[in-house]
$ cat protein-v4.pdb   # PDB, C-alpha atoms
MODEL        1
ATOM      1  CA  HIS N   1      76.319 134.960 121.636
ATOM      2  CA  ARG N   2      79.257 136.719 123.281
ATOM      3  CA  VAL N   3      81.626 134.006 122.035
ATOM      4  CA  LEU N   4      80.266 134.399 118.531
ATOM      5  CA  ARG N   5      80.699 138.178 118.686
ATOM      6  CA  LEU N   6      84.309 137.797 119.836
ATOM      7  CA  ALA N   7      84.953 135.314 117.076
ATOM      8  CA  ALA N   8      83.469 137.713 114.546
ATOM      9  CA  VAL N   9      85.697 140.549 115.750
ATOM     10  CA  ALA N  10      88.788 138.347 115.565
ATOM     11  CA  ALA N  11      87.814 137.131 112.122
ATOM     12  CA  LEU N  12      87.382 140.710 110.934
ATOM     13  CA  SER N  13      90.834 141.611 112.249
ATOM     14  CA  VAL N  14      92.286 138.727 110.238
ATOM     15  CA  GLY N  15      90.215 139.740 107.243
ATOM     16  CA  ALA N  16      91.593 143.252 107.459
ATOM     17  CA  ALA N  17      94.875 141.964 106.077
ATOM     18  CA  THR N  18      95.949 144.544 103.545
ATOM     19  CA  CYS N  19      97.464 143.969 100.162
ATOM     20  CA  ALA N  20     100.254 146.130  98.801
ATOM     21  CA  VAL N  21     102.147 146.292  95.534
ATOM     22  CA  ASN N  22     105.607 144.745  95.803
ATOM     23  CA  PRO N  23     108.042 147.423  94.577
ATOM     24  CA  ALA N  24     110.420 144.898  93.001
ATOM     25  CA  THR N  25     107.877 142.692  91.242
ATOM     26  CA  GLY N  26     104.848 144.936  90.718
ATOM     27  CA  LYS N  27     102.579 142.205  92.115
ATOM     28  CA  ARG N  28      99.997 142.653  94.851
ATOM     29  CA  GLU N  29     100.650 140.620  97.978
ATOM     30  CA  LEU N  30      99.778 140.322 101.657
ATOM     31  CA  SER N  31     101.410 143.034 103.773
ATOM     32  CA  LEU N  32     100.749 143.433 107.499
ATOM     33  CA  VAL N  33     104.101 145.039 108.330
ATOM     34  CA  GLY N  34     104.628 148.724 107.564
ATOM     35  CA  GLU N  35     107.934 150.089 106.327
ATOM     36  CA  SER N  36     108.729 151.855 109.610
ATOM     37  CA  GLN N  37     108.193 148.593 111.502
ATOM     38  CA  GLU N  38     110.275 146.717 108.939
ATOM     39  CA  ILE N  39     113.158 149.166 109.402
ATOM     40  CA  ALA N  40     112.935 149.026 113.196
ATOM     41  CA  LEU N  41     113.018 145.230 113.198
ATOM     42  CA  GLY N  42     115.995 145.222 110.864
ATOM     43  CA  LEU N  43     117.964 147.655 113.016
ATOM     44  CA  GLU N  44     117.365 145.538 116.118
ATOM     45  CA  GLY N  45     118.393 142.423 114.248
ATOM     46  CA  ALA N  46     121.520 144.158 112.952
ATOM     47  CA  LYS N  47     122.611 145.043 116.476
ATOM     48  CA  ALA N  48     122.153 141.435 117.562
ATOM     49  CA  ALA N  49     124.033 140.065 114.534
ATOM     50  CA  ALA N  50     126.970 142.424 115.062
ATOM     51  CA  ALA N  51     127.144 141.577 118.749
ATOM     52  CA  GLN N  52     126.967 137.828 118.178
ATOM     53  CA  MET N  53     129.285 137.508 115.164
ATOM     54  CA  GLY N  54     131.593 140.486 115.629
ATOM     55  CA  ILE N  55     132.595 143.127 113.085
ATOM     56  CA  TYR N  56     135.597 142.363 110.884
ATOM     57  CA  PRO N  57     138.275 144.792 112.156
ATOM     58  CA  ASP N  58     139.524 146.107 108.815
ATOM     59  CA  SER N  59     138.114 149.539 108.040
ATOM     60  CA  THR N  60     139.408 149.469 104.454
ATOM     61  CA  VAL N  61     137.501 146.272 103.686
ATOM     62  CA  GLN N  62     134.409 147.630 105.430
ATOM     63  CA  ARG N  63     134.449 150.850 103.356
ATOM     64  CA  TYR N  64     135.051 148.908 100.151
ATOM     65  CA  VAL N  65     132.124 146.524 100.665
ATOM     66  CA  ALA N  66     129.835 149.313 101.872
ATOM     67  CA  SER N  67     130.671 151.464  98.842
ATOM     68  CA  LEU N  68     129.794 148.673  96.408
ATOM     69  CA  GLY N  69     126.661 147.816  98.363
ATOM     70  CA  GLN N  70     125.395 151.397  98.295
ATOM     71  CA  GLN N  71     125.896 151.508  94.524
ATOM     72  CA  VAL N  72     123.732 148.416  94.174
ATOM     73  CA  ALA N  73     121.056 149.687  96.575
ATOM     74  CA  LYS N  74     120.735 152.980  94.684
ATOM     75  CA  VAL N  75     119.702 151.220  91.469
ATOM     76  CA  GLY N  76     117.116 149.057  93.253
ATOM     77  CA  GLU N  77     113.453 149.803  93.784
ATOM     78  CA  ARG N  78     113.848 150.976  97.399
ATOM     79  CA  PRO N  79     116.807 153.395  97.387
ATOM     80  CA  GLY N  80     115.402 155.407 100.297
ATOM     81  CA  LEU N  81     115.853 152.649 102.885
ATOM     82  CA  PRO N  82     118.632 153.101 105.480
ATOM     83  CA  TRP N  83     120.908 150.587 103.757
ATOM     84  CA  SER N  84     124.009 149.337 105.541
ATOM     85  CA  PHE N  85     126.621 146.802 104.428
ATOM     86  CA  THR N  86     128.817 145.138 107.024
ATOM     87  CA  VAL N  87     131.495 142.446 106.963
ATOM     88  CA  VAL N  88     131.219 140.181 109.992
ATOM     89  CA  ASP N  89     134.192 138.351 111.479
ATOM     90  CA  ASP N  90     132.967 134.860 110.638
ATOM     91  CA  PRO N  91     134.936 132.228 108.644
ATOM     92  CA  ILE N  92     131.752 130.519 107.414
ATOM     93  CA  VAL N  93     130.843 131.194 103.774
ATOM     94  CA  ASN N  94     127.714 133.238 104.284
ATOM     95  CA  ALA N  95     125.778 136.405 103.464
ATOM     96  CA  PHE N  96     122.360 137.471 104.713
ATOM     97  CA  ALA N  97     119.866 140.311 104.607
ATOM     98  CA  LEU N  98     117.655 141.703 107.352
ATOM     99  CA  PRO N  99     114.399 143.576 106.751
ATOM    100  CA  GLY N 100     114.679 147.273 106.052
ATOM    101  CA  GLY N 101     118.214 147.400 104.671
ATOM    102  CA  PRO N 102     120.994 145.832 106.818
ATOM    103  CA  ILE N 103     123.139 143.473 104.706
ATOM    104  CA  PHE N 104     125.924 141.291 106.115
ATOM    105  CA  VAL N 105     128.664 139.311 104.389
ATOM    106  CA  SER N 106     131.164 137.099 106.177
ATOM    107  CA  ARG N 107     134.917 137.426 105.845
ATOM    108  CA  GLY N 108     134.767 133.740 104.944
ATOM    109  CA  ILE N 109     132.816 134.303 101.737
ATOM    110  CA  LEU N 110     135.158 137.104 100.669
ATOM    111  CA  THR N 111     138.086 134.672 100.517
ATOM    112  CA  TYR N 112     136.272 132.622  97.860
ATOM    113  CA  MET N 113     135.649 135.564  95.520
ATOM    114  CA  ASN N 114     137.863 136.085  92.488
ATOM    115  CA  SER N 115     136.479 139.374  91.219
ATOM    116  CA  GLU N 116     134.654 142.506  92.297
ATOM    117  CA  ALA N 117     131.744 141.465  90.104
ATOM    118  CA  GLN N 118     131.298 138.299  92.156
ATOM    119  CA  LEU N 119     131.012 140.387  95.321
ATOM    120  CA  VAL N 120     128.508 142.678  93.605
ATOM    121  CA  SER N 121     126.446 139.655  92.571
ATOM    122  CA  VAL N 122     126.194 138.515  96.188
ATOM    123  CA  LEU N 123     125.335 142.012  97.383
ATOM    124  CA  GLY N 124     122.712 142.291  94.638
ATOM    125  CA  HIS N 125     121.145 138.991  95.685
ATOM    126  CA  GLU N 126     120.846 140.153  99.296
ATOM    127  CA  VAL N 127     119.525 143.573  98.263
ATOM    128  CA  GLY N 128     116.920 141.689  96.226
ATOM    129  CA  HIS N 129     115.629 139.951  99.345
ATOM    130  CA  VAL N 130     114.970 143.381 100.873
ATOM    131  CA  THR N 131     113.558 145.156  97.818
ATOM    132  CA  ALA N 132     111.166 142.252  97.236
ATOM    133  CA  LYS N 133     110.169 142.328 100.924
ATOM    134  CA  HIS N 134     110.745 138.622 101.479
ATOM    135  CA  SER N 135     111.090 139.009 105.272
ATOM    136  CA  VAL N 136     108.007 141.252 105.381
ATOM    137  CA  ASN N 137     106.116 138.555 103.504
ATOM    138  CA  GLN N 138     107.141 135.935 106.027
ATOM    139  CA  MET N 139     106.221 138.105 109.012
ATOM    140  CA  SER N 140     102.846 138.918 107.456
ATOM    141  CA  LYS N 141     102.100 135.223 107.034
ATOM    142  CA  GLN N 142     103.054 134.626 110.668
ATOM    143  CA  GLN N 143     100.705 137.383 111.846
ATOM    144  CA  LEU N 144      97.877 136.107 109.685
ATOM    145  CA  LEU N 145      98.271 132.532 110.931
ATOM    146  CA  GLY N 146      98.442 133.845 114.497
ATOM    147  CA  GLY N 147      95.136 135.639 113.957
ATOM    148  CA  LEU N 148      93.494 132.537 112.532
ATOM    149  CA  LEU N 149      94.703 130.552 115.542
ATOM    150  CA  THR N 150      93.081 133.117 117.842
ATOM    151  CA  VAL N 151      89.771 132.759 115.998
ATOM    152  CA  GLY N 152      89.941 128.995 116.389
ATOM    153  CA  MET N 153      90.631 129.195 120.126
ATOM    154  CA  ILE N 154      87.685 131.569 120.653
ATOM    155  CA  VAL N 155      85.242 129.346 118.791
ATOM    156  CA  ARG N 156      86.659 126.135 120.256
ATOM    157  CA  PRO N 157      88.232 126.788 123.700
ATOM    158  CA  GLU N 158      89.652 123.266 123.842
ATOM    159  CA  LEU N 159      92.184 124.389 121.227
ATOM    160  CA  GLN N 160      93.797 126.761 123.736
ATOM    161  CA  GLN N 161      96.039 123.980 125.015
ATOM    162  CA  TYR N 162      97.779 124.050 121.633
ATOM    163  CA  GLY N 163      98.212 127.819 121.519
ATOM    164  CA  GLY N 164     101.704 127.923 123.016
ATOM    165  CA  VAL N 165     103.008 125.111 120.850
ATOM    166  CA  ALA N 166     101.498 126.639 117.731
ATOM    167  CA  SER N 167     102.943 130.077 118.462
ATOM    168  CA  GLN N 168     106.436 128.618 118.859
ATOM    169  CA  GLY N 169     105.998 126.737 115.618
ATOM    170  CA  LEU N 170     104.928 129.853 113.758
ATOM    171  CA  GLY N 171     108.212 131.496 114.663
ATOM    172  CA  LEU N 172     110.134 128.694 112.941
ATOM    173  CA  LEU N 173     107.797 127.956 110.061
ATOM    174  CA  PHE N 174     108.912 130.849 107.873
ATOM    175  CA  LEU N 175     112.392 131.305 109.288
ATOM    176  CA  LYS N 176     114.246 130.633 106.045
ATOM    177  CA  TYR N 177     113.582 131.935 102.557
ATOM    178  CA  GLY N 178     111.882 129.463 100.270
ATOM    179  CA  ARG N 179     113.160 128.393  96.873
ATOM    180  CA  ASP N 180     110.934 130.911  95.081
ATOM    181  CA  ASP N 181     112.335 133.765  97.173
ATOM    182  CA  GLU N 182     115.898 132.659  96.485
ATOM    183  CA  THR N 183     115.232 132.422  92.752
ATOM    184  CA  GLN N 184     113.640 135.851  92.760
ATOM    185  CA  ALA N 185     116.593 137.310  94.671
ATOM    186  CA  ASP N 186     118.915 135.782  92.049
ATOM    187  CA  ASP N 187     116.913 137.449  89.273
ATOM    188  CA  LEU N 188     116.995 140.791  91.059
ATOM    189  CA  GLY N 189     120.711 140.472  91.778
ATOM    190  CA  PHE N 190     121.257 139.889  88.059
ATOM    191  CA  ARG N 191     119.184 143.007  87.336
ATOM    192  CA  TYR N 192     121.081 145.201  89.753
ATOM    193  CA  MET N 193     124.611 144.121  88.837
ATOM    194  CA  THR N 194     123.947 144.787  85.158
ATOM    195  CA  ARG N 195     122.533 148.213  86.043
ATOM    196  CA  VAL N 196     125.786 149.169  87.748
ATOM    197  CA  GLY N 197     127.858 147.838  84.851
ATOM    198  CA  TYR N 198     129.171 144.444  85.993
ATOM    199  CA  ASP N 199     129.391 141.256  83.951
ATOM    200  CA  PRO N 200     126.470 139.027  85.019
ATOM    201  CA  HIS N 201     128.424 135.925  84.011
ATOM    202  CA  GLU N 202     130.358 136.371  87.256
ATOM    203  CA  MET N 203     127.166 135.490  89.133
ATOM    204  CA  ALA N 204     127.360 132.019  87.587
ATOM    205  CA  GLU N 205     130.863 131.634  89.016
ATOM    206  CA  MET N 206     129.548 132.495  92.469
ATOM    207  CA  PHE N 207     126.800 129.886  92.029
ATOM    208  CA  LYS N 208     129.523 127.278  91.506
ATOM    209  CA  THR N 209     131.279 128.422  94.674
TER     210      THR N 209
ENDMDL
END
$ encode --input "protein-v4.pdb" --output "structure tokens"
Amino acid sequence: HRVLRLAAVAALSVGAATCAVNPATGKRELSLVGESQEIALGLEGAKAAAAQMGIYPDSTVQRYVASLGQQVAKVGERPGLPWSFTVVDDPIVNAFALPGGPIFVSRGILTYMNSEAQLVSVLGHEVGHVTAKHSVNQMSKQQLLGGLLTVGMIVRPELQQYGGVASQGLGLLFLKYGRDDETQADDLGFRYMTRVGYDPHEMAEMFKT
């Protein structure tokens, strides 16, 4: 009976998963991570990224990219987030977003851009990942699967031997954005760059790059 009660409590905690309206899409979706937690996680991740990759030591370039990024963020659905836009000293062609507002672009990707609009399209894409809460979605799925695993181990103790392996797997399962998230971020980037007055055709040029 005690095992069944514990299982019931764990199941209820999983069932308490809340749904929230996505500010960028207007759709209801699973959300187990609050905005304050999202911001805190993003700030910690930003510190780690800056320490690992290094900040590009050109203040003029940093101000330029940050200025454009803030323009894009202001026309998005979450303008109140503590947005930051940083160029990292990495030759690899890359850009990425962390939950809660930190956006990074590499010096490598800047060398492939032929217009300001192309840079804005990349910044808009990354802002879209944050406004649509793609990382929050992934973390919520991880928490939910972790809760279901706990229920299974309570009901069937022999499953406990797989707990460690499963937990490690959960951390990798949703590590990268899926194709749907990337497509949605493209759509949002298109939306934002047109709102700030840039030619959306330049996004197609960045796709080619």
$ residues_around --input "protein-v4.pdb" --residues "N:Gly45" --least-positions-apart "6" --cutoff "9 Å" --atoms "only C-alpha atoms" --output "list in words"
Leu98, Pro99 and Pro102 of chain N
$ atom_distance --input "protein-v4.pdb" --atom1 "atom CA of N:Arg179" --atom2 "atom CA of N:Cys19"
22.4 Å
$ atom_distance --input "protein-v4.pdb" --atom1 "atom CA of N:Thr25" --atom2 "atom CA of N:Trp83"
19.7 Å
$ atom_distance --input "protein-v4.pdb" --atom1 "atom CA of N:Ala204" --atom2 "atom CA of N:Ile103"
21.0 Å
$ resolve_selection --input "protein-v4.pdb" --expression "the PyMOL selection byres ((chain N and resi 84) around 10)" --output "MDAnalysis selection string"
chainID N and resid 43 46 65:67 69:70 73 81:83 85:86 97 100:104
$ write_last_selection --input "protein-v4.pdb" --atoms "C-alpha atoms" --output "compact mmCIF listing (two decimals), keeping the file's coordinate frame"
# COMPACT_ATOMS: atom_id res chain seq x y z
CA LEU N 43 117.96 147.66 113.02
CA ALA N 46 121.52 144.16 112.95
CA VAL N 65 132.12 146.52 100.66
CA ALA N 66 129.84 149.31 101.87
CA SER N 67 130.67 151.46 98.84
CA GLY N 69 126.66 147.82 98.36
CA GLN N 70 125.40 151.40 98.30
CA ALA N 73 121.06 149.69 96.58
CA LEU N 81 115.85 152.65 102.88
CA PRO N 82 118.63 153.10 105.48
CA TRP N 83 120.91 150.59 103.76
CA PHE N 85 126.62 146.80 104.43
CA THR N 86 128.82 145.14 107.02
CA ALA N 97 119.87 140.31 104.61
CA GLY N 100 114.68 147.27 106.05
CA GLY N 101 118.21 147.40 104.67
CA PRO N 102 120.99 145.83 106.82
CA ILE N 103 123.14 143.47 104.71
CA PHE N 104 125.92 141.29 106.12
$ resolve_selection --input "protein-v4.pdb" --expression "the PyMOL selection byres ((chain N and resi 48-60) around 6)" --output "tab-separated table (two decimals) with C-alpha atoms, in the frame of the given file"
chain	number	residue	atom	x	y	z
N	45	GLY	CA	118.39	142.42	114.25
N	46	ALA	CA	121.52	144.16	112.95
N	47	LYS	CA	122.61	145.04	116.48
N	61	VAL	CA	137.50	146.27	103.69
N	62	GLN	CA	134.41	147.63	105.43
N	63	ARG	CA	134.45	150.85	103.36
N	87	VAL	CA	131.50	142.45	106.96
N	88	VAL	CA	131.22	140.18	109.99
N	89	ASP	CA	134.19	138.35	111.48
$ resolve_selection --input "protein-v4.pdb" --expression "the PyMOL selection byres ((chain N and resi 106-111) around 6)" --output "PyMOL selection string"
chain N and resi 87-94+105+112-113
$ write_last_selection --input "protein-v4.pdb" --atoms "C-alpha atoms" --output "compact mmCIF listing (two decimals), in the frame of the given file"
# COMPACT_ATOMS: atom_id res chain seq x y z
CA VAL N 87 131.50 142.45 106.96
CA VAL N 88 131.22 140.18 109.99
CA ASP N 89 134.19 138.35 111.48
CA ASP N 90 132.97 134.86 110.64
CA PRO N 91 134.94 132.23 108.64
CA ILE N 92 131.75 130.52 107.41
CA VAL N 93 130.84 131.19 103.77
CA ASN N 94 127.71 133.24 104.28
CA VAL N 105 128.66 139.31 104.39
CA TYR N 112 136.27 132.62 97.86
CA MET N 113 135.65 135.56 95.52
$ residues_around --input "protein-v4.pdb" --residues "N:Arg28" --least-positions-apart "5" --cutoff "12 Å" --atoms "all atoms listed in the file" --output "ChimeraX atom specification"
/N:18-23,132-133,137
$ closest_residue --input "protein-v4.pdb" --among "N:Gly26, N:Gly178, N:Pro200, N:Gly80" --to "N:His134" --atoms "only C-alpha atoms"
N:Gly178
$ residues_around --input "protein-v4.pdb" --residues "N:His201" --least-positions-apart "2" --cutoff "12 Å" --atoms "all atoms listed in the file" --output "PyMOL selection string"
chain N and resi 115+117-118+120-121+189-190+193-194+197-199+203-208
$ write_last_selection --input "protein-v4.pdb" --atoms "C-alpha atoms" --output "PDB file, in the coordinates of the input"
ATOM      1  CA  SER N 115     136.479 139.374  91.219  1.00  0.00           C
ATOM      2  CA  ALA N 117     131.744 141.465  90.104  1.00  0.00           C
ATOM      3  CA  GLN N 118     131.298 138.299  92.156  1.00  0.00           C
ATOM      4  CA  VAL N 120     128.508 142.678  93.605  1.00  0.00           C
ATOM      5  CA  SER N 121     126.446 139.655  92.571  1.00  0.00           C
ATOM      6  CA  GLY N 189     120.711 140.472  91.778  1.00  0.00           C
ATOM      7  CA  PHE N 190     121.257 139.889  88.059  1.00  0.00           C
ATOM      8  CA  MET N 193     124.611 144.121  88.837  1.00  0.00           C
ATOM      9  CA  THR N 194     123.947 144.787  85.158  1.00  0.00           C
ATOM     10  CA  GLY N 197     127.858 147.838  84.851  1.00  0.00           C
ATOM     11  CA  TYR N 198     129.171 144.444  85.993  1.00  0.00           C
ATOM     12  CA  ASP N 199     129.391 141.256  83.951  1.00  0.00           C
ATOM     13  CA  MET N 203     127.166 135.490  89.133  1.00  0.00           C
ATOM     14  CA  ALA N 204     127.360 132.019  87.587  1.00  0.00           C
ATOM     15  CA  GLU N 205     130.863 131.634  89.016  1.00  0.00           C
ATOM     16  CA  MET N 206     129.548 132.495  92.469  1.00  0.00           C
ATOM     17  CA  PHE N 207     126.800 129.886  92.029  1.00  0.00           C
ATOM     18  CA  LYS N 208     129.523 127.278  91.506  1.00  0.00           C
TER      19      LYS N 208
END
$ closest_residue --input "protein-v4.pdb" --among "N:Ala95, N:Leu30, N:Val130, N:Val122" --to "N:Asp186" --atoms "only C-alpha atoms"
N:Val122
$ closest_residue --input "protein-v4.pdb" --among "N:Glu44, N:Glu77, N:Glu202, N:Asp180" --to "N:Thr131" --atoms "all atoms listed in the file"
N:Glu77
$ closest_residue --input "protein-v4.pdb" --among "N:Arg195, N:Asn114, N:Asp187, N:Ser135" --to "N:Glu35" --atoms "all atoms listed in the file"
N:Ser135
$ axis_aligned_box --input "protein-v4.pdb" --around "stretch 41-46 of chain N" --padding-each-side "6 Å" --output "AutoDock Vina command-line options"
--center_x 117.3 --center_y 145.0 --center_z 113.5 --size_x 20.5 --size_y 17.2 --size_z 17.3
$ closest_residue --input "protein-v4.pdb" --among "N:Gly128, N:Gly34, N:Ala40, N:Phe96" --to "N:Arg78" --atoms "all atoms listed in the file"
N:Gly128
$ decode --input "protein-v4.pdb" --residues "stretch 185-208 of chain N" --atoms "N, CA and C atoms" --output "PDB file, in the first residue's frame"
ATOM      1  N   ALA N 185      11.870  29.220 -35.888  1.00  0.00           N
ATOM      2  CA  ALA N 185      12.802  30.325 -35.653  1.00  0.00           C
ATOM      3  C   ALA N 185      13.067  31.091 -36.955  1.00  0.00           C
ATOM      4  N   ASP N 186      13.111  30.379 -38.083  1.00  0.00           N
ATOM      5  CA  ASP N 186      13.257  31.053 -39.376  1.00  0.00           C
ATOM      6  C   ASP N 186      12.058  31.971 -39.633  1.00  0.00           C
ATOM      7  N   ASP N 187      10.861  31.453 -39.392  1.00  0.00           N
ATOM      8  CA  ASP N 187       9.648  32.243 -39.607  1.00  0.00           C
ATOM      9  C   ASP N 187       9.636  33.492 -38.718  1.00  0.00           C
ATOM     10  N   LEU N 188      10.036  33.316 -37.474  1.00  0.00           N
ATOM     11  CA  LEU N 188      10.055  34.446 -36.550  1.00  0.00           C
ATOM     12  C   LEU N 188      11.146  35.445 -36.936  1.00  0.00           C
ATOM     13  N   GLY N 189      12.296  34.942 -37.363  1.00  0.00           N
ATOM     14  CA  GLY N 189      13.356  35.833 -37.818  1.00  0.00           C
ATOM     15  C   GLY N 189      12.903  36.674 -38.996  1.00  0.00           C
ATOM     16  N   PHE N 190      12.163  36.061 -39.915  1.00  0.00           N
ATOM     17  CA  PHE N 190      11.582  36.768 -41.050  1.00  0.00           C
ATOM     18  C   PHE N 190      10.643  37.864 -40.549  1.00  0.00           C
ATOM     19  N   ARG N 191       9.820  37.518 -39.558  1.00  0.00           N
ATOM     20  CA  ARG N 191       8.866  38.473 -38.986  1.00  0.00           C
ATOM     21  C   ARG N 191       9.588  39.665 -38.375  1.00  0.00           C
ATOM     22  N   TYR N 192      10.616  39.392 -37.619  1.00  0.00           N
ATOM     23  CA  TYR N 192      11.287  40.464 -36.882  1.00  0.00           C
ATOM     24  C   TYR N 192      12.087  41.371 -37.812  1.00  0.00           C
ATOM     25  N   MET N 193      12.783  40.786 -38.804  1.00  0.00           N
ATOM     26  CA  MET N 193      13.606  41.640 -39.659  1.00  0.00           C
ATOM     27  C   MET N 193      12.747  42.550 -40.524  1.00  0.00           C
ATOM     28  N   THR N 194      11.557  42.084 -40.910  1.00  0.00           N
ATOM     29  CA  THR N 194      10.665  42.967 -41.661  1.00  0.00           C
ATOM     30  C   THR N 194      10.100  44.059 -40.758  1.00  0.00           C
ATOM     31  N   ARG N 195       9.885  43.756 -39.493  1.00  0.00           N
ATOM     32  CA  ARG N 195       9.373  44.762 -38.559  1.00  0.00           C
ATOM     33  C   ARG N 195      10.358  45.905 -38.342  1.00  0.00           C
ATOM     34  N   VAL N 196      11.652  45.592 -38.427  1.00  0.00           N
ATOM     35  CA  VAL N 196      12.649  46.648 -38.226  1.00  0.00           C
ATOM     36  C   VAL N 196      13.140  47.216 -39.557  1.00  0.00           C
ATOM     37  N   GLY N 197      12.466  46.830 -40.660  1.00  0.00           N
ATOM     38  CA  GLY N 197      12.700  47.493 -41.933  1.00  0.00           C
ATOM     39  C   GLY N 197      13.789  46.938 -42.820  1.00  0.00           C
ATOM     40  N   TYR N 198      14.129  45.650 -42.667  1.00  0.00           N
ATOM     41  CA  TYR N 198      15.172  45.056 -43.514  1.00  0.00           C
ATOM     42  C   TYR N 198      14.555  44.142 -44.572  1.00  0.00           C
ATOM     43  N   ASP N 199      15.255  44.030 -45.687  1.00  0.00           N
ATOM     44  CA  ASP N 199      14.796  43.208 -46.804  1.00  0.00           C
ATOM     45  C   ASP N 199      14.890  41.728 -46.443  1.00  0.00           C
ATOM     46  N   PRO N 200      13.761  41.038 -46.363  1.00  0.00           N
ATOM     47  CA  PRO N 200      13.787  39.612 -45.970  1.00  0.00           C
ATOM     48  C   PRO N 200      14.451  38.715 -47.003  1.00  0.00           C
ATOM     49  N   HIS N 201      14.647  39.207 -48.222  1.00  0.00           N
ATOM     50  CA  HIS N 201      15.333  38.388 -49.221  1.00  0.00           C
ATOM     51  C   HIS N 201      16.769  38.086 -48.795  1.00  0.00           C
ATOM     52  N   GLU N 202      17.331  38.947 -47.949  1.00  0.00           N
ATOM     53  CA  GLU N 202      18.698  38.731 -47.482  1.00  0.00           C
ATOM     54  C   GLU N 202      18.797  37.488 -46.597  1.00  0.00           C
ATOM     55  N   MET N 203      17.670  37.078 -46.019  1.00  0.00           N
ATOM     56  CA  MET N 203      17.680  35.845 -45.219  1.00  0.00           C
ATOM     57  C   MET N 203      17.962  34.657 -46.122  1.00  0.00           C
ATOM     58  N   ALA N 204      17.413  34.689 -47.345  1.00  0.00           N
ATOM     59  CA  ALA N 204      17.659  33.602 -48.293  1.00  0.00           C
ATOM     60  C   ALA N 204      19.141  33.502 -48.634  1.00  0.00           C
ATOM     61  N   GLU N 205      19.820  34.640 -48.719  1.00  0.00           N
ATOM     62  CA  GLU N 205      21.258  34.613 -48.992  1.00  0.00           C
ATOM     63  C   GLU N 205      22.022  33.971 -47.854  1.00  0.00           C
ATOM     64  N   MET N 206      21.574  34.226 -46.626  1.00  0.00           N
ATOM     65  CA  MET N 206      22.226  33.599 -45.467  1.00  0.00           C
ATOM     66  C   MET N 206      21.964  32.085 -45.460  1.00  0.00           C
ATOM     67  N   PHE N 207      20.773  31.675 -45.907  1.00  0.00           N
ATOM     68  CA  PHE N 207      20.495  30.241 -46.000  1.00  0.00           C
ATOM     69  C   PHE N 207      21.513  29.564 -46.911  1.00  0.00           C
ATOM     70  N   LYS N 208      21.824  30.220 -48.041  1.00  0.00           N
ATOM     71  CA  LYS N 208      22.805  29.656 -48.969  1.00  0.00           C
ATOM     72  C   LYS N 208      24.172  29.519 -48.293  1.00  0.00           C
TER      73      LYS N 208
END
